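Below: entry.cif (mmCIF, C-alpha atoms)
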```
data_my_file
#
loop_
_atom_site.label_atom_id
_atom_site.label_comp_id
_atom_site.auth_asym_id
_atom_site.auth_seq_id
_atom_site.Cartn_x
_atom_site.Cartn_y
_atom_site.Cartn_z
CA MET A 1 -21.92 -12.71 15.10
CA ARG A 2 -19.82 -15.34 13.39
CA CYS A 3 -17.86 -17.31 15.98
CA LEU A 4 -14.31 -18.39 15.34
CA ILE A 5 -13.61 -21.76 16.94
CA PHE A 6 -10.33 -23.65 17.03
CA VAL A 7 -10.63 -27.39 16.42
CA ILE A 8 -7.69 -28.94 18.25
CA SER A 9 -7.20 -32.34 16.70
CA ARG A 10 -4.44 -34.43 15.19
CA ASP A 11 -6.72 -35.08 12.24
CA PRO A 12 -6.66 -32.07 9.86
CA ARG A 13 -9.90 -33.27 8.25
CA MET A 14 -11.83 -32.68 11.46
CA PRO A 15 -13.28 -29.23 10.50
CA PHE A 16 -14.61 -30.85 7.34
CA ALA A 17 -16.24 -33.56 9.44
CA PHE A 18 -17.92 -30.88 11.57
CA ARG A 19 -19.26 -29.26 8.43
CA GLN A 20 -20.60 -32.62 7.23
CA LEU A 21 -22.42 -32.87 10.53
CA GLY A 22 -24.07 -29.52 9.85
CA CYS A 23 -22.23 -27.82 12.73
CA SER A 24 -20.60 -25.03 10.81
CA ARG A 25 -23.53 -22.65 10.30
CA ARG A 26 -22.41 -19.11 11.22
CA VAL A 27 -19.22 -20.57 12.66
CA ASP A 28 -15.68 -20.40 11.33
CA LEU A 29 -13.71 -23.51 12.22
CA ARG A 30 -9.93 -23.45 12.19
CA HIS A 31 -7.85 -26.59 12.64
CA VAL A 32 -4.83 -26.61 14.95
CA ASP A 33 -2.75 -29.67 15.54
CA ASN A 34 -1.92 -29.47 19.24
CA LEU A 35 -2.03 -27.26 22.33
CA VAL A 36 1.32 -25.60 21.65
CA GLU A 37 0.20 -24.54 18.20
CA ALA A 38 -3.17 -23.51 19.65
CA ARG A 39 -1.41 -21.15 22.08
CA ARG A 40 0.63 -19.66 19.22
CA GLU A 41 -2.40 -19.24 16.97
CA PHE A 42 -4.50 -17.89 19.81
CA SER A 43 -2.70 -14.52 19.83
CA LYS A 44 -3.07 -14.26 16.07
CA TRP A 45 -6.79 -15.04 15.80
CA LEU A 46 -8.32 -14.64 19.28
CA PRO A 47 -10.89 -17.44 18.86
CA HIS A 48 -14.18 -17.44 20.76
CA ALA A 49 -13.84 -21.07 21.87
CA VAL A 50 -11.99 -24.33 21.33
CA LEU A 51 -13.17 -27.80 20.43
CA ILE A 52 -10.75 -30.39 21.80
CA GLY A 53 -10.55 -34.03 20.88
CA THR A 54 -10.80 -36.47 23.80
CA GLY A 55 -7.21 -37.70 23.40
CA PHE A 56 -5.53 -34.50 24.63
CA GLN A 57 -4.03 -34.28 28.10
CA HIS A 58 -3.35 -31.29 30.36
CA VAL A 59 -6.19 -29.32 28.78
CA GLY A 60 -7.20 -27.91 32.16
CA SER A 61 -3.75 -26.52 32.95
CA TRP A 62 -3.45 -25.24 29.36
CA LEU A 63 -6.65 -23.23 29.82
CA GLU A 64 -5.46 -21.94 33.20
CA THR A 65 -2.14 -20.77 31.72
CA LEU A 66 -3.95 -19.14 28.83
CA LYS A 67 -6.21 -17.26 31.23
CA ALA A 68 -3.27 -16.11 33.33
CA GLU A 69 -1.34 -14.93 30.26
CA THR A 70 -4.12 -13.33 28.26
CA GLY A 71 -6.98 -12.72 30.67
CA VAL A 72 -9.32 -14.70 28.40
CA GLU A 73 -11.42 -17.54 29.76
CA LEU A 74 -11.89 -19.65 26.68
CA PRO A 75 -15.06 -21.79 26.52
CA THR A 76 -14.21 -25.39 25.66
CA LEU A 77 -16.15 -28.34 24.30
CA GLU A 78 -14.67 -31.80 24.20
CA PHE A 79 -15.63 -34.00 21.30
CA GLY A 80 -15.56 -37.71 20.68
CA PRO A 81 -17.67 -39.38 18.03
CA LEU A 82 -19.39 -36.82 15.79
CA ASP A 83 -22.91 -38.11 16.13
CA ALA A 84 -26.37 -36.55 16.47
CA PRO A 85 -26.19 -36.05 20.28
CA PHE A 86 -22.87 -34.22 19.84
CA ALA A 87 -24.41 -32.05 17.08
CA ARG A 88 -27.12 -30.99 19.55
CA ARG A 89 -24.51 -30.20 22.24
CA PHE A 90 -22.49 -28.22 19.71
CA ARG A 91 -25.50 -26.11 18.65
CA LYS A 92 -26.23 -25.33 22.31
CA PHE A 93 -22.58 -24.46 22.82
CA VAL A 94 -22.60 -21.99 19.90
CA HIS A 95 -25.91 -20.51 21.06
CA HIS A 96 -24.36 -19.91 24.48
CA LEU A 97 -21.29 -18.29 22.88
CA ARG A 98 -23.47 -15.81 21.01
CA ARG A 99 -25.34 -14.81 24.15
CA ASN A 100 -22.27 -14.64 26.36
CA PRO A 101 -19.45 -13.08 24.35
CA THR A 102 -15.98 -14.35 25.19
CA TYR A 103 -14.62 -10.86 24.59
CA LYS A 104 -16.55 -8.29 26.54
CA ARG A 105 -15.46 -5.29 28.57
CA VAL A 106 -17.77 -3.80 31.20
CA ALA A 107 -16.49 -0.73 33.04
CA ARG A 108 -17.61 0.96 36.22
CA PRO A 109 -18.21 4.74 36.27
CA GLY A 110 -14.89 6.51 36.64
CA GLU A 111 -13.04 3.68 34.88
CA ARG A 112 -14.71 4.00 31.52
CA PRO A 113 -12.44 4.37 28.52
CA LEU A 114 -13.26 7.12 26.04
CA ALA A 115 -14.20 6.69 22.41
CA LEU A 116 -14.94 9.09 19.58
CA LEU A 117 -18.27 9.07 17.79
CA ASP A 118 -18.49 10.35 14.22
CA VAL A 119 -21.99 10.99 12.88
CA GLU A 120 -22.65 12.21 9.35
CA GLY A 121 -24.75 15.32 8.75
CA ARG A 122 -25.39 18.01 6.14
CA ILE A 123 -24.94 21.74 6.43
CA THR A 124 -28.32 22.98 5.23
CA GLY A 125 -28.11 26.65 6.19
CA VAL A 126 -25.41 29.23 6.83
CA SER A 127 -25.27 32.75 8.10
CA GLU A 128 -22.27 34.77 9.18
CA THR A 129 -23.07 34.00 12.80
CA GLY A 130 -24.27 30.43 12.64
CA PHE A 131 -24.74 27.12 10.90
CA CYS A 132 -27.62 24.73 10.66
CA VAL A 133 -26.67 21.08 10.47
CA GLN A 134 -29.23 18.43 9.73
CA SER A 135 -28.41 15.04 11.19
CA GLU A 136 -29.76 12.30 13.37
CA VAL A 137 -28.11 13.61 16.52
CA SER A 138 -29.41 16.24 18.92
CA GLN A 139 -28.48 17.66 22.28
CA SER A 140 -30.48 18.89 25.23
CA THR A 141 -27.70 21.01 26.76
CA PRO A 142 -27.05 24.15 24.72
CA PHE A 143 -23.81 26.14 24.55
CA ARG A 144 -21.61 23.10 24.47
CA PRO A 145 -18.85 23.17 21.82
CA VAL A 146 -19.08 20.31 19.34
CA GLY A 147 -16.26 18.89 17.25
CA TYR A 148 -16.67 18.45 13.53
CA VAL A 149 -14.89 17.51 10.34
CA THR A 150 -15.76 19.20 7.05
CA ASP A 151 -13.86 20.52 4.07
CA PHE A 152 -16.40 23.35 3.64
CA PHE A 153 -14.31 25.99 5.39
CA GLN A 154 -10.96 25.10 3.85
CA ALA A 155 -12.48 24.75 0.38
CA ASN A 156 -13.84 28.30 0.66
CA GLY A 157 -10.79 29.93 2.17
CA LEU A 158 -12.30 30.27 5.64
CA SER A 159 -10.65 29.39 8.92
CA HIS A 160 -12.20 26.63 11.00
CA PRO A 161 -14.42 28.26 13.64
CA LEU A 162 -15.47 26.84 16.97
CA LEU A 163 -19.06 25.62 16.70
CA GLN A 164 -21.28 25.83 19.76
CA LEU A 165 -24.71 24.28 19.80
CA VAL A 166 -27.49 26.76 20.54
CA ASN A 167 -30.71 25.00 19.71
CA THR A 168 -32.14 21.80 18.23
CA ASP A 169 -35.39 21.37 16.32
CA ALA A 170 -36.92 18.03 15.43
CA LEU A 171 -37.63 17.69 11.71
CA PRO A 172 -40.11 15.29 10.15
CA GLU A 173 -38.09 13.55 7.46
CA ASN A 174 -39.29 10.43 5.61
CA GLY A 175 -40.64 8.97 8.83
CA GLU A 176 -37.14 8.84 10.34
CA ALA A 177 -35.95 11.00 13.19
CA SER A 178 -33.92 13.94 11.96
CA PHE A 179 -32.83 17.11 13.73
CA ALA A 180 -31.85 20.63 12.74
CA ASN A 181 -28.98 21.63 15.00
CA TYR A 182 -28.26 25.34 15.11
CA PHE A 183 -24.65 26.15 15.88
CA GLN A 184 -23.19 29.52 16.76
CA ILE A 185 -19.87 30.39 15.13
CA LEU A 186 -17.19 31.47 17.58
CA GLY A 187 -13.74 32.77 16.75
CA TRP A 188 -14.40 34.49 13.44
CA ASN A 189 -13.51 38.10 12.77
CA GLU A 190 -15.22 40.51 10.42
CA VAL A 191 -12.96 39.55 7.49
CA GLU A 192 -14.23 35.96 7.64
CA ARG A 193 -17.83 37.02 8.15
CA LYS A 194 -17.58 39.23 5.08
CA ALA A 195 -16.04 36.40 3.07
CA LEU A 196 -18.97 34.18 4.02
CA ARG A 197 -21.49 36.88 3.03
CA LYS A 198 -19.78 37.06 -0.35
CA TRP A 199 -19.84 33.27 -0.64
CA ILE A 200 -23.58 33.22 0.12
CA TRP A 201 -24.14 35.82 -2.58
CA ASP A 202 -21.89 34.16 -5.16
CA HIS A 203 -23.64 30.83 -4.69
CA ARG A 204 -27.10 32.41 -4.95
CA LEU A 205 -28.32 30.83 -1.74
CA THR A 206 -31.83 31.74 -0.72
CA PRO A 207 -33.14 32.63 2.74
CA ARG A 208 -34.71 29.67 4.44
CA ALA A 209 -37.34 30.10 7.13
CA SER A 210 -36.33 26.76 8.57
CA ALA A 211 -32.80 25.87 7.68
CA MET B 212 -28.56 50.77 -6.25
CA LYS B 213 -26.24 53.70 -6.70
CA GLY B 214 -22.52 53.24 -6.99
CA PRO B 215 -20.58 53.00 -3.75
CA GLY B 216 -18.76 56.25 -4.62
CA SER B 217 -21.41 58.67 -3.38
CA PRO B 218 -23.81 57.00 -1.00
CA ASP B 219 -26.48 58.89 0.87
CA ILE B 220 -26.74 57.64 4.43
CA LEU B 221 -29.16 58.79 7.09
CA VAL B 222 -28.02 58.36 10.69
CA ILE B 223 -30.81 58.45 13.28
CA ASP B 224 -29.43 58.92 16.80
CA ASP B 225 -30.27 61.29 19.63
CA SER B 226 -26.68 61.58 20.81
CA PRO B 227 -24.67 64.30 18.98
CA GLU B 228 -21.41 62.59 19.99
CA VAL B 229 -22.41 59.26 18.49
CA GLN B 230 -23.73 61.01 15.39
CA ALA B 231 -20.44 62.86 14.93
CA LEU B 232 -18.45 59.67 15.41
CA LEU B 233 -20.50 57.74 12.88
CA VAL B 234 -20.36 60.55 10.34
CA ARG B 235 -16.60 60.76 10.70
CA GLN B 236 -16.16 57.03 10.32
CA LEU B 237 -18.51 56.83 7.33
CA ARG B 238 -16.66 59.67 5.59
CA GLN B 239 -13.40 57.83 6.08
CA ILE B 240 -14.90 54.76 4.45
CA PHE B 241 -16.62 56.66 1.63
CA PRO B 242 -14.79 59.97 1.08
CA SER B 243 -17.64 61.50 -0.93
CA VAL B 244 -20.40 60.22 1.32
CA ARG B 245 -23.43 62.38 1.99
CA VAL B 246 -24.36 61.75 5.58
CA ARG B 247 -27.47 63.32 6.99
CA SER B 248 -28.57 62.95 10.54
CA ALA B 249 -31.72 63.13 12.61
CA GLU B 250 -32.11 63.28 16.37
CA ASN B 251 -35.67 62.00 16.63
CA MET B 252 -38.53 60.50 14.69
CA HIS B 253 -39.91 63.83 13.40
CA GLU B 254 -36.55 64.90 12.03
CA ALA B 255 -36.07 61.49 10.48
CA ILE B 256 -39.38 61.74 8.65
CA ASP B 257 -38.40 65.21 7.36
CA ARG B 258 -35.06 63.90 6.06
CA LEU B 259 -36.79 61.01 4.33
CA ARG B 260 -39.16 63.46 2.61
CA GLU B 261 -36.19 65.51 1.35
CA ALA B 262 -34.51 62.59 -0.34
CA ARG B 263 -34.54 58.81 -0.27
CA PRO B 264 -31.36 57.51 1.40
CA GLU B 265 -29.60 54.36 0.32
CA LEU B 266 -29.04 53.27 3.88
CA VAL B 267 -30.47 54.17 7.29
CA ILE B 268 -28.40 53.60 10.40
CA LEU B 269 -30.82 53.59 13.30
CA ASP B 270 -30.27 53.71 17.05
CA LEU B 271 -32.77 51.32 18.63
CA GLY B 272 -32.56 53.24 21.91
CA LEU B 273 -33.96 56.62 20.85
CA LYS B 274 -35.20 58.51 23.93
CA ALA B 275 -38.56 59.86 22.87
CA ASP B 276 -39.40 57.29 20.25
CA SER B 277 -38.17 53.80 20.21
CA GLY B 278 -36.17 52.86 17.14
CA LEU B 279 -38.51 49.90 16.82
CA ARG B 280 -41.31 52.41 16.06
CA PHE B 281 -39.37 53.61 13.03
CA LEU B 282 -39.26 50.06 11.72
CA LYS B 283 -43.02 49.76 12.27
CA LEU B 284 -43.70 53.03 10.42
CA PHE B 285 -41.47 52.11 7.51
CA PRO B 286 -41.77 48.36 7.04
CA LYS B 287 -39.47 46.50 4.73
CA GLY B 288 -41.95 46.06 1.89
CA VAL B 289 -42.68 49.81 1.81
CA ARG B 290 -39.26 51.38 2.19
CA GLU B 291 -36.67 50.98 -0.53
CA TYR B 292 -33.54 51.13 1.57
CA PRO B 293 -31.90 48.79 4.09
CA VAL B 294 -31.84 49.63 7.79
CA LEU B 295 -28.82 48.89 9.93
CA VAL B 296 -29.77 49.06 13.61
CA PHE B 297 -27.31 49.56 16.40
CA THR B 298 -27.89 48.97 20.02
CA GLY B 299 -26.20 48.58 23.37
CA ASP B 300 -28.80 45.97 24.24
CA ALA B 301 -27.83 43.06 22.02
CA SER B 302 -30.23 40.71 23.79
CA LYS B 303 -31.84 38.08 21.67
CA SER B 304 -35.36 39.41 22.26
CA THR B 305 -34.46 42.96 21.12
CA LEU B 306 -32.66 41.79 18.01
CA THR B 307 -35.35 39.24 17.20
CA GLU B 308 -37.99 41.97 17.40
CA ALA B 309 -35.89 44.31 15.23
CA VAL B 310 -35.33 41.64 12.60
CA ARG B 311 -39.02 40.70 12.70
CA LEU B 312 -39.84 44.32 11.96
CA GLY B 313 -37.50 44.32 8.96
CA ALA B 314 -34.08 45.46 10.21
CA ASP B 315 -31.50 44.17 7.79
CA ASP B 316 -28.51 43.92 10.10
CA PHE B 317 -27.25 45.12 13.43
CA LEU B 318 -24.19 46.70 15.06
CA ASN B 319 -23.29 46.48 18.69
CA LYS B 320 -22.25 49.54 20.70
CA PRO B 321 -19.48 50.60 20.82
CA VAL B 322 -19.31 50.39 17.05
CA ASP B 323 -16.23 48.64 15.68
CA PRO B 324 -15.00 50.66 12.62
CA LEU B 325 -14.14 47.48 10.70
CA VAL B 326 -17.59 45.98 11.34
CA LEU B 327 -19.23 49.28 10.36
CA GLU B 328 -17.26 49.39 7.13
CA SER B 329 -17.92 45.77 6.26
CA LYS B 330 -21.65 45.87 6.94
CA THR B 331 -22.17 49.27 5.32
CA GLU B 332 -20.34 48.14 2.19
CA SER B 333 -22.35 44.92 2.06
CA LEU B 334 -25.66 46.74 2.46
CA LEU B 335 -24.84 49.41 -0.12
CA SER B 336 -23.60 46.86 -2.65
CA GLY B 337 -27.01 45.19 -2.73
CA ARG B 338 -25.17 41.87 -2.35
CA TYR B 339 -26.36 41.36 1.13
CA SER B 340 -27.00 38.41 3.43
CA SER B 341 -28.44 38.99 6.85
CA PRO B 342 -26.60 37.44 9.78
CA MET B 343 -29.97 36.85 11.38
CA LYS B 344 -31.21 34.57 8.62
CA PHE B 345 -29.99 31.25 7.37
CA PHE B 346 -29.29 30.87 3.69
CA GLY B 347 -29.20 27.50 2.10
CA ARG B 348 -30.20 25.09 -0.60
CA ARG B 349 -32.81 22.41 -0.41
CA ASP B 350 -30.25 19.65 -1.03
CA GLY B 351 -27.85 21.11 1.52
CA ILE B 352 -24.58 22.94 1.10
CA ALA B 353 -21.88 20.57 2.25
CA SER B 354 -21.38 17.41 4.23
CA ILE B 355 -20.12 17.59 7.78
CA THR B 356 -19.20 14.99 10.36
CA LEU B 357 -20.13 15.82 13.94
CA ARG B 358 -17.60 14.38 16.36
CA PHE B 359 -17.98 13.95 20.10
CA THR B 360 -16.51 11.91 22.90
CA ALA B 361 -18.37 9.14 24.67
CA GLU B 362 -17.64 6.94 27.68
CA VAL B 363 -17.61 3.24 26.88
CA GLU B 364 -19.74 1.49 29.46
CA SER B 365 -19.55 -1.92 27.86
CA LEU B 366 -18.14 -3.25 24.63
CA SER B 367 -18.38 -6.56 22.86
CA GLU B 368 -18.44 -7.70 19.24
CA THR B 369 -22.22 -7.62 19.25
CA ASP B 370 -23.16 -4.77 21.59
CA VAL B 371 -21.88 -1.35 22.57
CA SER B 372 -23.17 0.69 25.47
CA LEU B 373 -22.06 4.32 25.67
CA VAL B 374 -22.67 7.44 27.72
CA THR B 375 -22.73 10.38 25.30
CA PRO B 376 -23.33 14.15 25.41
CA MET B 377 -25.54 13.95 22.31
CA ALA B 378 -28.74 12.01 21.68
CA CYS B 379 -28.81 9.82 18.58
CA ALA B 380 -31.98 8.58 16.92
CA PRO B 381 -32.35 4.79 16.68
CA GLY B 382 -31.00 3.63 13.35
CA THR B 383 -28.31 6.32 13.23
CA ALA B 384 -25.11 5.04 11.67
CA PHE B 385 -21.89 6.18 13.29
CA LEU B 386 -18.22 5.37 13.47
CA LEU B 387 -16.92 4.41 16.89
CA GLY B 388 -13.29 5.47 17.19
CA LEU B 389 -11.40 3.11 19.50
CA GLY B 390 -7.81 4.26 19.20
CA LEU B 391 -6.78 3.46 15.64
CA LEU B 392 -9.82 1.25 15.10
CA GLU B 393 -13.00 2.77 13.64
CA VAL B 394 -15.97 0.48 14.05
CA PRO B 395 -19.12 1.15 12.00
CA CYS B 396 -22.13 0.87 14.32
CA LYS B 397 -25.86 1.51 14.32
CA VAL B 398 -27.85 2.93 17.24
CA THR B 399 -30.50 0.56 18.62
CA SER B 400 -31.78 2.75 21.47
CA CYS B 401 -31.02 6.02 23.24
CA TRP B 402 -32.49 7.61 26.33
CA ASN B 403 -31.60 10.18 29.00
CA GLY B 404 -28.61 9.22 31.11
CA ASP B 405 -28.27 9.26 34.90
CA VAL B 406 -26.31 12.51 34.78
CA SER B 407 -28.13 15.57 33.43
CA GLY B 408 -27.16 16.39 29.84
CA THR B 409 -25.95 12.87 29.09
CA PHE B 410 -27.53 10.06 27.12
CA GLN B 411 -27.38 6.32 27.42
CA LEU B 412 -26.80 4.93 23.96
CA HIS B 413 -26.94 1.32 22.87
CA ALA B 414 -25.64 0.25 19.50
CA LYS B 415 -24.61 -2.76 17.48
CA PRO B 416 -21.41 -3.00 15.45
CA ASP B 417 -21.91 -3.73 11.76
CA ARG B 418 -22.61 -7.42 11.23
CA ASN B 419 -20.62 -7.57 8.01
CA LEU B 420 -17.23 -6.73 9.44
CA SER B 421 -14.41 -8.73 7.86
CA LEU B 422 -12.79 -11.57 9.78
CA LEU B 423 -9.56 -9.61 10.29
CA PHE B 424 -11.44 -6.52 11.43
CA ARG B 425 -13.33 -8.58 13.99
CA VAL B 426 -10.04 -10.03 15.24
CA GLU B 427 -8.74 -6.47 15.71
CA LEU B 428 -11.90 -5.52 17.58
CA ARG B 429 -11.48 -8.52 19.88
CA ARG B 430 -7.86 -7.54 20.40
CA HIS B 431 -8.97 -4.06 21.43
CA ILE B 432 -11.57 -5.40 23.85
CA GLN B 433 -8.99 -7.78 25.30
CA ALA B 434 -6.49 -4.93 25.72
CA LEU B 435 -9.11 -2.79 27.49
CA SER B 436 -9.97 -5.68 29.80
CA ARG B 437 -6.33 -6.31 30.63
CA SER B 438 -5.66 -2.62 31.31
CA ALA B 439 -8.56 -2.62 33.74
CA ILE B 440 -7.21 -5.53 35.76
#
```
Now, as a test, write the supplied structure out as structure tokens.
Amino acid sequence: MRCLIFVISRDPRMPFAFRQLGCSRRVDLRHVDNLVEARREFSKWLPHAVLIGTGFQHVGSWLETLKAETGVELPTLEFGPLDAPFARRFRKFVHHLRRNPTYKRVARPGERPLALLDVEGRITGVSETGFCVQSEVSQSTPFRPVGYVTDFFQANGLSHPLLQLVNTDALPENGEASFANYFQILGWNEVERKALRKWIWDHRLTPRASA
Amino acid sequence: MKGPGSPDILVIDDSPEVQALLVRQLRQIFPSVRVRSAENMHEAIDRLREARPELVILDLGLKADSGLRFLKLFPKGVREYPVLVFTGDASKSTLTEAVRLGADDFLNKPVDPLVLESKTESLLSGRYSSPMKFFGRRDGIASITLRFTAEVESLSETDVSLVTPMACAPGTAFLLGLGLLEVPCKVTSCWNGDVSGTFQLHAKPDRNLSLLFRVELRRHIQALSRSAI
């Protein structure tokens, strides 16, 4: 992870000086002139930490206000002369930032937000009652409907059916885990099943023992 | 294959009512159809000796002889006509056995006239694909994206921990949809979750995300944290 760190200093050449010291590896440094500007720029960039020159006052209360307003506890490192001992402290500081992310959300059960997962796969077999999808996902609980996105149905004049997982087989594939997921088609009538039979015939698909 | 104008269909069923119903429906579909019927295995063999049908519709639940026995006596490689079985017992084991013995397709009782018409037409046309078999191509037919919902247990720029209904192999690339933000990630590990049927999935967001994208991700994490307070 590349860390973004604000360098709060009245000297705009300070980020350059940090780079000269060899402190900018895997770190993006952004100069800000004072604490007011730092607060303004904070919302725009959400930095991981701040480096503050020794001359600044009220840094403690600034950090407190920032925490109250944004909920972010920003790690801070004060700098004076940019010498070898400071370079060591800075490297430790960055190492700590990588291991303890400034922006992290941990939720208890019952309070967890939901997210959508999209995993690519290939339809490798079709029948009028089911589909076989090869992908790197599998499921141990059958008969659970699974969402999907494909242009296969629309491109062939078929309505989008509900797909329900029936069975999963592990497939040996180039040494990587791969699964054949067999889905049952729900919600199709005979007109659609017939259209799919015709499509299978027109495209000269062959029966496959293992789809 | 003969033309669909005058098919010869043999119906094997021990119920005169079902026979009559099927014959009537088949004649409606094919006005000049020649439908012969047999009540048991002996009669069926006699009918087959008289003339080769283009389609046999077979009741799997024959009283004296199981319909499965017919399929054993006339296996697919020997007979030159498709067999459409119909049964009131549409259990997987019965149908699997029938398909293993060479049945081409099946109908459930009571027979839906539209399904009967569609399947009969398909079988007589010779352009037939069994619903019990998968058809495909070695390189696949089309791409598909499987989409499912996961609970976000923890989220940072470097690590994601999720509870999912699907297992994902380590190395699997996926898009994590966080509102309007879609974060490309890769699975690092996955094992059974605490609740049956769930999986604990750990992943890492793509390391090469642009600076602005990473800012948006941080913004999302910050918003989640604030909403939880």
Name the residues that the PyMOL selection byres ((chain B and resi 318) around 7) pulls out of this structure, and write them as JSON, numbers by chain.
-> {"B": [296, 297, 298, 317, 319, 320, 322]}
Excluding same-chain residues fewer than 5 positions from region 350-360 of chain B, what lies within 6 Å of it counting all atoms listed in the file, as a PyMOL selection string?
-> chain A and resi 115-124+147-150
Please determine the contact residues of chain A with respect to chain B at a cut-off of 7 Å, counting only C-alpha atoms, and supply them as a compact mmCIF listing (two decimals) with C-alpha atoms, in the frame of the given file.
```txt
# COMPACT_ATOMS: atom_id res chain seq x y z
CA MET A 1 -21.92 -12.71 15.10
CA TRP A 45 -6.79 -15.04 15.80
CA LEU A 46 -8.32 -14.64 19.28
CA GLY A 71 -6.98 -12.72 30.67
CA PRO A 101 -19.45 -13.08 24.35
CA TYR A 103 -14.62 -10.86 24.59
CA LYS A 104 -16.55 -8.29 26.54
CA ARG A 105 -15.46 -5.29 28.57
CA VAL A 106 -17.77 -3.80 31.20
CA ALA A 107 -16.49 -0.73 33.04
CA ARG A 112 -14.71 4.00 31.52
CA PRO A 113 -12.44 4.37 28.52
CA LEU A 114 -13.26 7.12 26.04
CA ALA A 115 -14.20 6.69 22.41
CA LEU A 116 -14.94 9.09 19.58
CA LEU A 117 -18.27 9.07 17.79
CA ASP A 118 -18.49 10.35 14.22
CA VAL A 119 -21.99 10.99 12.88
CA GLU A 120 -22.65 12.21 9.35
CA GLY A 121 -24.75 15.32 8.75
CA ARG A 122 -25.39 18.01 6.14
CA ILE A 123 -24.94 21.74 6.43
CA THR A 124 -28.32 22.98 5.23
CA GLY A 125 -28.11 26.65 6.19
CA VAL A 126 -25.41 29.23 6.83
CA SER A 127 -25.27 32.75 8.10
CA GLU A 128 -22.27 34.77 9.18
CA THR A 129 -23.07 34.00 12.80
CA GLU A 136 -29.76 12.30 13.37
CA VAL A 137 -28.11 13.61 16.52
CA SER A 138 -29.41 16.24 18.92
CA GLN A 139 -28.48 17.66 22.28
CA SER A 140 -30.48 18.89 25.23
CA THR A 141 -27.70 21.01 26.76
CA VAL A 146 -19.08 20.31 19.34
CA GLY A 147 -16.26 18.89 17.25
CA TYR A 148 -16.67 18.45 13.53
CA VAL A 149 -14.89 17.51 10.34
CA THR A 150 -15.76 19.20 7.05
CA PHE A 152 -16.40 23.35 3.64
CA ALA A 177 -35.95 11.00 13.19
CA GLU A 190 -15.22 40.51 10.42
CA LYS A 194 -17.58 39.23 5.08
CA ARG A 197 -21.49 36.88 3.03
CA TRP A 201 -24.14 35.82 -2.58
CA LEU A 205 -28.32 30.83 -1.74
CA THR A 206 -31.83 31.74 -0.72
CA PRO A 207 -33.14 32.63 2.74
CA ARG A 208 -34.71 29.67 4.44
CA ALA A 211 -32.80 25.87 7.68
```
Selection: 10 Å around Glu291 (chain B), only C-alpha atoms, excl. self and same-chain fewer than 3 positions, as a PDB file with C-alpha atoms, in the frame of the given file:
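Below is the file out_0.pdb, written as the result:
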```pdb
ATOM      1  CA  MET B 212     -28.560  50.770  -6.250  1.00  0.00           C
ATOM      2  CA  ARG B 263     -34.540  58.810  -0.270  1.00  0.00           C
ATOM      3  CA  PRO B 264     -31.360  57.510   1.400  1.00  0.00           C
ATOM      4  CA  GLU B 265     -29.600  54.360   0.320  1.00  0.00           C
ATOM      5  CA  LEU B 266     -29.040  53.270   3.880  1.00  0.00           C
ATOM      6  CA  PHE B 285     -41.470  52.110   7.510  1.00  0.00           C
ATOM      7  CA  PRO B 286     -41.770  48.360   7.040  1.00  0.00           C
ATOM      8  CA  LYS B 287     -39.470  46.500   4.730  1.00  0.00           C
ATOM      9  CA  GLY B 288     -41.950  46.060   1.890  1.00  0.00           C
ATOM     10  CA  VAL B 294     -31.840  49.630   7.790  1.00  0.00           C
TER      11      VAL B 294
END
```
To one decimal in Å, tell me the separation between CA of Lys67 (chain A) and CA of Phe93 (chain A).
->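 Answer for the CA of Lys67 (chain A) to CA of Phe93 (chain A) separation: 19.8 Å.
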Write out as a PyMOL selection string each polymer residue whose atoms come within 10 Å of His160 (chain A), counting all atoms listed in the file; drop sequence neighbours fewer than 2 positions from it.
-> chain A and resi 148-154+157-158+162-163+185-188
Given the selection you just returned, output its residues as a file containing C-alpha atoms, formatted as a JSON list (two decimals), keeping the file's coordinate frame.
```json
[["chain", "number", "residue", "atom", "x", "y", "z"],
["A", 148, "TYR", "CA", -16.67, 18.45, 13.53],
["A", 149, "VAL", "CA", -14.89, 17.51, 10.34],
["A", 150, "THR", "CA", -15.76, 19.20, 7.05],
["A", 151, "ASP", "CA", -13.86, 20.52, 4.07],
["A", 152, "PHE", "CA", -16.40, 23.35, 3.64],
["A", 153, "PHE", "CA", -14.31, 25.99, 5.39],
["A", 154, "GLN", "CA", -10.96, 25.10, 3.85],
["A", 157, "GLY", "CA", -10.79, 29.93, 2.17],
["A", 158, "LEU", "CA", -12.30, 30.27, 5.64],
["A", 162, "LEU", "CA", -15.47, 26.84, 16.97],
["A", 163, "LEU", "CA", -19.06, 25.62, 16.70],
["A", 185, "ILE", "CA", -19.87, 30.39, 15.13],
["A", 186, "LEU", "CA", -17.19, 31.47, 17.58],
["A", 187, "GLY", "CA", -13.74, 32.77, 16.75],
["A", 188, "TRP", "CA", -14.40, 34.49, 13.44]]
```
Please measure the separation of CA of Phe86 (chain A) and CA of Gly53 (chain A), giving the value in Å to one decimal.
->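 Taking CA of Phe86 (chain A) and CA of Gly53 (chain A), their separation equals 12.4 Å.
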What lies within 10 Å of Ser9 (chain A) using all atoms listed in the file, ignoring chain neighbours under 4 positions off, as a short mmCIF file (atom, residue, chain, number, x, y, z; two decimals) with C-alpha atoms, in the coordinates of the input?
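The resulting file, selection-v1.cif, is shown below:
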```cif
data_model
loop_
_atom_site.label_atom_id
_atom_site.label_comp_id
_atom_site.auth_asym_id
_atom_site.auth_seq_id
_atom_site.Cartn_x
_atom_site.Cartn_y
_atom_site.Cartn_z
CA ARG A 13 -9.90 -33.27 8.25
CA MET A 14 -11.83 -32.68 11.46
CA PRO A 15 -13.28 -29.23 10.50
CA HIS A 31 -7.85 -26.59 12.64
CA VAL A 32 -4.83 -26.61 14.95
CA ASP A 33 -2.75 -29.67 15.54
CA ASN A 34 -1.92 -29.47 19.24
CA LEU A 35 -2.03 -27.26 22.33
CA LEU A 51 -13.17 -27.80 20.43
CA ILE A 52 -10.75 -30.39 21.80
CA GLY A 53 -10.55 -34.03 20.88
CA THR A 54 -10.80 -36.47 23.80
CA GLY A 55 -7.21 -37.70 23.40
CA PHE A 56 -5.53 -34.50 24.63
CA PHE A 79 -15.63 -34.00 21.30
#
```
